[in-house]
Amino acid sequence: MTTGRYAPSPSGRMHLGNLLCCLLAWLSAKSKGGQVLLRIEDLDAQRCPRVYADAIVDDLAWLGLAADGPCPPVYQSERSAIYRQYYDKLAARGLTYPCFCSRSQLHAASAPHRSDGQVVYAGTCRGLTPAQAAEKAKTKAPAWRVRVPDEEIAFVDGHLGPYAENLARDCGDFYLRRADGVFAYQLAVVVDDALMGVTEVVRGADLLSSTPRQLWLYRELGLTPPAFYHLPLLLDHQGRRLSKRDGDQSLEHLRARYAPEEIVGKLAFAAGLQAAPRPAAPADLARTFDWAQVPKHDIFLPENLF
Ligand code: GLU
């Protein structure tokens with residue numbers, strides 16, 4: 001059975017971009033007769049108060065997109081003991097090492113940057129001896145990175161097609177754990193999707209470049225990867241990324257102005273799922289849904305649509 005998932009980070013109310021992601025995850029799974037699970041990605045518990053997670057559950061139900069599976073849903077903030085088990089497997093193989101680099105060292109002008117703006121880690125702390133690391137640890141708690149191979153990791157995205165990265169060249173050793181002990185998104189997402197039995201991941205194209213890292217972790221941890229579908233980003237009519245700061249695009253404001261089918265119908269129109277912005281329930285859209293309807297390039301939200 002197809003199992004999709006919603007994996008929102010509840011640092012605010014959902015906006016239309018988050019909602020499009022949920023709608024497509026739901027449609028992709030349901031059009032195959034599958035289910036969708038909900039996982040609250042609140043690793044950074046301080047930035048993710050429970051009220052926002054509760055609001056997401058309520059918003060999804062109101063929109064006709066309620067998750068299947070356990071209620072309450074899975075909270076990443078409660079799973080660090082599980083992440084630790086998988087982290088320890090990598091550590092036991094000598095794949096992890098402490099990194100003491102400061103933010104400014106990491107962003108030094110000479111450091112190569114990825115196309116997504118992230119810095120390719122130069123490997124500064126990779127060769128520290130245990131004695132050197134112990135000395136540094138006296139004054140600074142380290143973050144922990146994983147040693148990546150000089151190897152191309154390729155996959156075919158269900159929507160965007162082939163994508164590949166050489167982990168050593170294009171990414172560098174990446175974080176598995178922060179200095180404060182919180183496990184990193186890249187590790188948590190792999191462990192959770194695998195343990196929850198997720199067979200397809202639908203998420204924004206901003207995470208396309210994380211996928212080779214995650215596929216490599218699946219391999220190293222002996223876990224089965226899902227299929228991936230990355231959807232284009234939703235931009236406002238001037239081409240700006242929607243953010244949780246744009247209050248009028250948030251579900252809080254939209255719910256005060258529209259019925260659920262109006263919101264879903266307008267969004268479905270913007271995303272190419274129907275020819276006009278007429279009201280639609282998710283179940284109506286599932287009957288004709290096909291990924292081929294969804295653009296591969298960024299989606300501009302027409303002015304005055306909402
Ligand atoms: N929690 C992430 C977000 O809200 C999504 C992570 C994922 O889908 O893998 O952007």
# chains A, B, ... in the order shown; residues from 1 in each chain; ligands from 1

call {"tool": "residues_near_ligand", "arguments": {"ligand": "ligand 1", "cutoff": "10 Å", "atoms": "only C-alpha atoms and all ligand atoms", "output": "ChimeraX atom specification"}}
result
/A:5-11,14,17-18,21-22,25,39-43,185-186,188-190,192-193,201-208,210-211,214,228,230

call {"tool": "write_last_selection", "arguments": {"atoms": "C-alpha atoms", "output": "short mmCIF file (atom, residue, chain, number, x, y, z; two decimals), in the first residue's frame"}}
result
data_model
loop_
_atom_site.label_atom_id
_atom_site.label_comp_id
_atom_site.auth_asym_id
_atom_site.auth_seq_id
_atom_site.Cartn_x
_atom_site.Cartn_y
_atom_site.Cartn_z
CA ARG A 5 3.26 11.64 4.80
CA TYR A 6 2.97 15.24 5.85
CA ALA A 7 6.08 16.42 7.68
CA PRO A 8 5.44 20.06 8.61
CA SER A 9 7.75 22.09 10.82
CA PRO A 10 5.30 23.89 13.11
CA SER A 11 7.11 27.20 13.55
CA MET A 14 0.56 26.91 7.66
CA GLY A 17 3.04 26.83 0.15
CA ASN A 18 2.78 24.36 3.05
CA CYS A 21 2.63 20.41 -0.32
CA CYS A 22 0.01 18.73 1.88
CA ALA A 25 1.00 14.54 -0.78
CA ARG A 39 4.74 13.67 11.51
CA ILE A 40 5.37 16.92 13.33
CA GLU A 41 8.95 18.02 12.63
CA ASP A 42 9.59 19.87 15.86
CA LEU A 43 13.21 18.85 16.41
CA TYR A 185 16.93 16.88 10.15
CA GLN A 186 18.85 14.73 7.63
CA ALA A 188 15.71 12.21 11.70
CA VAL A 189 13.83 12.34 8.41
CA VAL A 190 15.45 9.15 7.14
CA ASP A 192 11.31 8.40 10.68
CA ASP A 193 10.23 7.81 7.09
CA VAL A 201 7.80 11.47 0.05
CA VAL A 202 6.18 14.57 -1.46
CA ARG A 203 7.87 17.84 -0.54
CA GLY A 204 9.15 21.16 -1.86
CA ALA A 205 11.90 21.39 -4.48
CA ASP A 206 14.03 23.24 -1.92
CA LEU A 207 14.69 19.78 -0.45
CA LEU A 208 15.68 18.12 -3.75
CA SER A 210 18.96 16.97 0.45
CA THR A 211 17.80 13.76 -1.19
CA GLN A 214 19.31 11.02 2.64
CA PHE A 228 10.52 11.01 -3.94
CA HIS A 230 9.54 17.24 -5.33
#

call {"tool": "residues_around", "arguments": {"residues": "A:Leu254", "least_positions_apart": "3", "cutoff": "12 Å", "atoms": "only C-alpha atoms", "output": "VMD selection string"}}
result
chain A and resid 13 to 16 19 59 62 to 63 246 to 251 257 to 264 266 to 267 305 to 306

call {"tool": "select_by_dssp", "arguments": {"residues": "stretch 53-250 of chain A", "states": "strand (DSSP E or B)", "output": "ChimeraX atom specification"}}
result
/A:74-75,96-99,113,119,143-146,152-157,161-166,174-177,183,200-204,227-231,234-235,241,250

call {"tool": "closest_residue", "arguments": {"among": "A:Ala55, A:Ala108, A:Cys171, A:Ala283", "to": "A:Ala29", "atoms": "only C-alpha atoms"}}
result
A:Ala283

call {"tool": "select_by_dssp", "arguments": {"residues": "stretch 228-275 of chain A", "states": "helix (DSSP H, G or I)", "output": "list of chain:residue names"}}
result
A:Gly247, A:Asp248, A:Gln249, A:Leu251, A:Glu252, A:His253, A:Leu254, A:Arg255, A:Ala256, A:Arg257, A:Pro260, A:Glu261, A:Glu262, A:Ile263, A:Val264, A:Gly265, A:Lys266, A:Leu267, A:Ala268, A:Phe269, A:Ala270

call {"tool": "residues_around", "arguments": {"residues": "A:Ala91", "least_positions_apart": "5", "cutoff": "10 Å", "atoms": "only C-alpha atoms", "output": "ChimeraX atom specification"}}
result
/A:84-86,96-97,144-146

call {"tool": "closest_residue", "arguments": {"among": "A:Tyr83, A:Leu231, A:Leu90, A:Gln238", "to": "A:Gln293", "atoms": "only C-alpha atoms"}}
result
A:Leu231

call {"tool": "residues_around", "arguments": {"residues": "A:Tyr121", "least_positions_apart": "4", "cutoff": "8 Å", "atoms": "only C-alpha atoms", "output": "list in words"}}
result
Leu106, Ala111, Cys171, Gly172, Asp173 and Phe174 of chain A

call {"tool": "decode", "arguments": {"residues": "stretch 105-126 of chain A", "atoms": "C-alpha atoms", "output": "PDB file, in the first residue's frame"}}
result
ATOM      1  CA  GLN A 105      34.749  29.876   9.742  1.00  0.00           C
ATOM      2  CA  LEU A 106      32.161  27.902   7.820  1.00  0.00           C
ATOM      3  CA  HIS A 107      31.147  30.922   5.781  1.00  0.00           C
ATOM      4  CA  ALA A 108      34.714  32.047   5.034  1.00  0.00           C
ATOM      5  CA  ALA A 109      34.784  33.784   1.662  1.00  0.00           C
ATOM      6  CA  SER A 110      36.855  31.032   0.056  1.00  0.00           C
ATOM      7  CA  ALA A 111      34.402  28.263   0.897  1.00  0.00           C
ATOM      8  CA  PRO A 112      32.589  26.927  -2.161  1.00  0.00           C
ATOM      9  CA  HIS A 113      28.851  27.404  -2.102  1.00  0.00           C
ATOM     10  CA  ARG A 114      26.221  25.039  -3.340  1.00  0.00           C
ATOM     11  CA  SER A 115      23.546  26.108  -5.783  1.00  0.00           C
ATOM     12  CA  ASP A 116      21.114  26.287  -2.826  1.00  0.00           C
ATOM     13  CA  GLY A 117      23.369  28.777  -1.027  1.00  0.00           C
ATOM     14  CA  GLN A 118      24.690  26.304   1.546  1.00  0.00           C
ATOM     15  CA  VAL A 119      28.418  26.066   2.114  1.00  0.00           C
ATOM     16  CA  VAL A 120      30.254  22.906   1.020  1.00  0.00           C
ATOM     17  CA  TYR A 121      32.071  21.846   4.193  1.00  0.00           C
ATOM     18  CA  ALA A 122      35.827  22.082   3.672  1.00  0.00           C
ATOM     19  CA  GLY A 123      36.584  19.182   6.024  1.00  0.00           C
ATOM     20  CA  THR A 124      38.496  21.365   8.495  1.00  0.00           C
ATOM     21  CA  CYS A 125      37.831  19.088  11.501  1.00  0.00           C
ATOM     22  CA  ARG A 126      37.845  15.794   9.594  1.00  0.00           C
TER      23      ARG A 126
END
